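Down below is the structure, laid out as structure tokens.
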Amino acid sequence: MLSAGVGGQSERLAGRRRKMAVESRVTQEEIKKEPEKPIDREKTCPLLLRVFTTNNGRHHRMDEFSRGNVPSSELQIYTWMDATLKELTSLVKEVYPEARKKGTHFNFAIVFTDLKRPGYRVKEIGSTMSGRKGTDDSMTLQSQKFQIGDYLDIAITPPNRAPPSSGRMRPY
């Protein structure tokens, strides 16, 4: 009989735990669905985005960012946190005419300070392709947790050496 009383109590506790877990999950879903706040570009000061590019399809090595050094292929772009990868692709293509060719692949990564040990870390965030629409085109810096002071590293791959399409791009 003692076990029946304890069992009933644990059922009530389990019910409470389930209810709390559901409430917690709903809150997390609401947070994820919260839309980005629109940025009024007329009233908001732009940030300086330091962009480093390669044209061999690979990102820079992290040691190229060490001890106060940065790679030499720097572009400085004034933009906003709501800048999309497609918008950034267009700005890069203005500077590098060879990147305008249809099928040129742009792979974006955020380079940020590693808080746990000295140096930098890299986080790939998405890709775009000249002349094609893709699922990452509308991705913003803000949506990828970009912080002012981080760098953007773009690995540009010419069309004749482009990585195989993953089905995420479609022709215009």
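In the structure tokens, the first chain shown is A, the next is B, and so on; residue numbers restart at 1 for each chain, and ligands run from 1 in the order shown.
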Quick one: everything within 9 Å of Pro159 (chain A), counting only C-alpha atoms, minus sequence neighbours fewer than 6 positions away in the same chain. Send it as a PDB file with all heavy atoms, in the first residue's frame.
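And here's part_19.pdb as it stands now:
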ATOM      1  N   ALA A  99      34.594  37.746 -60.408  1.00  0.00           N
ATOM      2  CA  ALA A  99      33.607  37.029 -59.601  1.00  0.00           C
ATOM      3  C   ALA A  99      32.189  37.207 -60.141  1.00  0.00           C
ATOM      4  O   ALA A  99      31.251  36.599 -59.625  1.00  0.00           O
ATOM      5  CB  ALA A  99      33.678  37.497 -58.153  1.00  0.00           C
ATOM      6  N   LYS A 101      31.127  36.244 -63.059  1.00  0.00           N
ATOM      7  CA  LYS A 101      30.761  35.167 -63.982  1.00  0.00           C
ATOM      8  C   LYS A 101      29.686  34.277 -63.381  1.00  0.00           C
ATOM      9  O   LYS A 101      29.736  33.915 -62.209  1.00  0.00           O
ATOM     10  CB  LYS A 101      31.987  34.310 -64.311  1.00  0.00           C
ATOM     11  CG  LYS A 101      33.035  35.038 -65.114  1.00  0.00           C
ATOM     12  CD  LYS A 101      34.220  34.127 -65.387  1.00  0.00           C
ATOM     13  CE  LYS A 101      35.323  34.892 -66.086  1.00  0.00           C
ATOM     14  NZ  LYS A 101      36.587  34.164 -66.060  1.00  0.00           N
ATOM     15  N   LYS A 102      28.730  33.932 -64.214  1.00  0.00           N
ATOM     16  CA  LYS A 102      27.636  33.055 -63.784  1.00  0.00           C
ATOM     17  C   LYS A 102      28.224  31.732 -63.286  1.00  0.00           C
ATOM     18  O   LYS A 102      29.089  31.149 -63.926  1.00  0.00           O
ATOM     19  CB  LYS A 102      26.689  32.801 -64.957  1.00  0.00           C
ATOM     20  CG  LYS A 102      25.436  32.071 -64.572  1.00  0.00           C
ATOM     21  CD  LYS A 102      24.487  31.967 -65.744  1.00  0.00           C
ATOM     22  CE  LYS A 102      23.200  31.300 -65.326  1.00  0.00           C
ATOM     23  NZ  LYS A 102      22.246  31.269 -66.412  1.00  0.00           N
ATOM     24  N   GLY A 103      27.755  31.295 -62.122  1.00  0.00           N
ATOM     25  CA  GLY A 103      28.229  30.041 -61.554  1.00  0.00           C
ATOM     26  C   GLY A 103      29.351  30.204 -60.536  1.00  0.00           C
ATOM     27  O   GLY A 103      29.771  29.229 -59.925  1.00  0.00           O
ATOM     28  N   THR A 104      29.826  31.441 -60.338  1.00  0.00           N
ATOM     29  CA  THR A 104      30.845  31.666 -59.308  1.00  0.00           C
ATOM     30  C   THR A 104      30.203  31.434 -57.942  1.00  0.00           C
ATOM     31  O   THR A 104      29.108  31.927 -57.661  1.00  0.00           O
ATOM     32  CB  THR A 104      31.419  33.093 -59.391  1.00  0.00           C
ATOM     33  OG1 THR A 104      32.006  33.274 -60.675  1.00  0.00           O
ATOM     34  CG2 THR A 104      32.459  33.341 -58.318  1.00  0.00           C
ATOM     35  N   HIS A 105      30.877  30.679 -57.100  1.00  0.00           N
ATOM     36  CA  HIS A 105      30.360  30.258 -55.800  1.00  0.00           C
ATOM     37  C   HIS A 105      31.001  31.090 -54.693  1.00  0.00           C
ATOM     38  O   HIS A 105      32.223  31.274 -54.686  1.00  0.00           O
ATOM     39  CB  HIS A 105      30.681  28.761 -55.623  1.00  0.00           C
ATOM     40  CG  HIS A 105      30.026  28.147 -54.450  1.00  0.00           C
ATOM     41  ND1 HIS A 105      30.669  27.960 -53.258  1.00  0.00           N
ATOM     42  CD2 HIS A 105      28.771  27.658 -54.287  1.00  0.00           C
ATOM     43  CE1 HIS A 105      29.843  27.380 -52.401  1.00  0.00           C
ATOM     44  NE2 HIS A 105      28.692  27.195 -53.002  1.00  0.00           N
ATOM     45  N   SER A 130      26.615  33.238 -58.229  1.00  0.00           N
ATOM     46  CA  SER A 130      26.271  34.230 -59.257  1.00  0.00           C
ATOM     47  C   SER A 130      25.321  33.605 -60.268  1.00  0.00           C
ATOM     48  O   SER A 130      25.572  32.509 -60.763  1.00  0.00           O
ATOM     49  CB  SER A 130      27.523  34.703 -59.990  1.00  0.00           C
ATOM     50  OG  SER A 130      28.315  35.485 -59.159  1.00  0.00           O
TER      51      SER A 130
END
Counting only C-alpha atoms, what is within 10 Å of Asp137 (chain A), bar same-chain residues fewer than 5 positions away, as a compact mmCIF listing (two decimals) with N, CA, C and O atoms, in the first residue's frame?
# COMPACT_ATOMS: atom_id res chain seq x y z
N THR A 84 21.98 41.03 -46.30
CA THR A 84 21.83 39.63 -46.69
C THR A 84 23.11 39.14 -47.38
O THR A 84 23.91 39.94 -47.87
N LEU A 85 23.26 37.82 -47.45
CA LEU A 85 24.42 37.26 -48.15
C LEU A 85 24.38 37.64 -49.63
O LEU A 85 25.43 37.90 -50.22
N LYS A 86 23.21 37.71 -50.23
CA LYS A 86 23.10 38.10 -51.64
C LYS A 86 23.54 39.56 -51.82
O LYS A 86 24.23 39.89 -52.79
N GLU A 87 23.15 40.42 -50.89
CA GLU A 87 23.55 41.82 -50.95
C GLU A 87 25.07 41.94 -50.82
O GLU A 87 25.72 42.68 -51.58
N LEU A 88 25.67 41.20 -49.92
CA LEU A 88 27.12 41.22 -49.74
C LEU A 88 27.83 40.64 -50.97
O LEU A 88 28.88 41.15 -51.38
N THR A 89 27.23 39.62 -51.58
CA THR A 89 27.78 39.05 -52.82
C THR A 89 27.86 40.12 -53.90
O THR A 89 28.87 40.25 -54.58
N GLY A 126 26.87 30.15 -44.76
CA GLY A 126 26.03 29.97 -45.93
C GLY A 126 26.78 30.25 -47.21
O GLY A 126 27.97 30.59 -47.19
N SER A 127 26.08 30.11 -48.32
CA SER A 127 26.72 30.34 -49.61
C SER A 127 25.73 30.90 -50.62
O SER A 127 24.51 30.75 -50.48
N THR A 128 26.30 31.56 -51.63
CA THR A 128 25.50 32.09 -52.74
C THR A 128 26.22 31.73 -54.03
O THR A 128 27.37 31.30 -54.01
N MET A 129 25.52 31.93 -55.15
CA MET A 129 26.12 31.66 -56.45
C MET A 129 25.66 32.72 -57.45
O MET A 129 24.48 33.06 -57.49
N ARG A 132 22.29 32.49 -59.82
CA ARG A 132 21.34 31.49 -59.30
C ARG A 132 20.74 31.96 -57.99
O ARG A 132 21.41 32.61 -57.21
N MET A 169 20.56 25.41 -54.82
CA MET A 169 20.55 26.52 -55.77
C MET A 169 19.64 26.17 -56.95
O MET A 169 19.58 25.02 -57.36
Worksheet item: Taking the backbone alone, and naming residues the way the document does, which bits of region 41-122 of chain A are alpha helix (DSSP H) by DSSP, as a VMD selection string?
Response: chain A and resid 85 to 95
Worksheet entry | 10 Å contact set for His60 (chain A), only C-alpha atoms, chain neighbours under 2 positions out, as a PyMOL selection string | chain A and resi 52-54+56-58+62-65+70-71+109+111+122+153-155
Practice prompt. For Gly119 (chain A), work out the shell of residues within 7 Å, counting only C-alpha atoms and skipping chain neighbours fewer than 5 positions away, then give it as an MDAnalysis selection string.
Written response: chainID A and resid 66 113:114
Practice prompt. Grab the CA of Pro97 (chain A) to CA of Ser72 (chain A) distance for me, in Å with one decimal place.
Written response: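 CA of Ser72 (chain A) lies at a distance of 18.4 Å from CA of Pro97 (chain A).
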Discussion item. List the spatial neighbours of Leu75 (chain A) as a PyMOL selection string - criterion: any atom at most 10 Å away, only C-alpha atoms, same-chain residues fewer than 3 positions off excluded.
Written reply: chain A and resi 49-53+72+78+91-92+95+152
Discussion item. Residues of region 31-167 of chain A classed as strand (DSSP E or B) by DSSP on the backbone are to be reported as a ChimeraX atom specification.
Written reply: /A:47-54,74-79,84,105-113,120-129,132-134,140,148,150-157
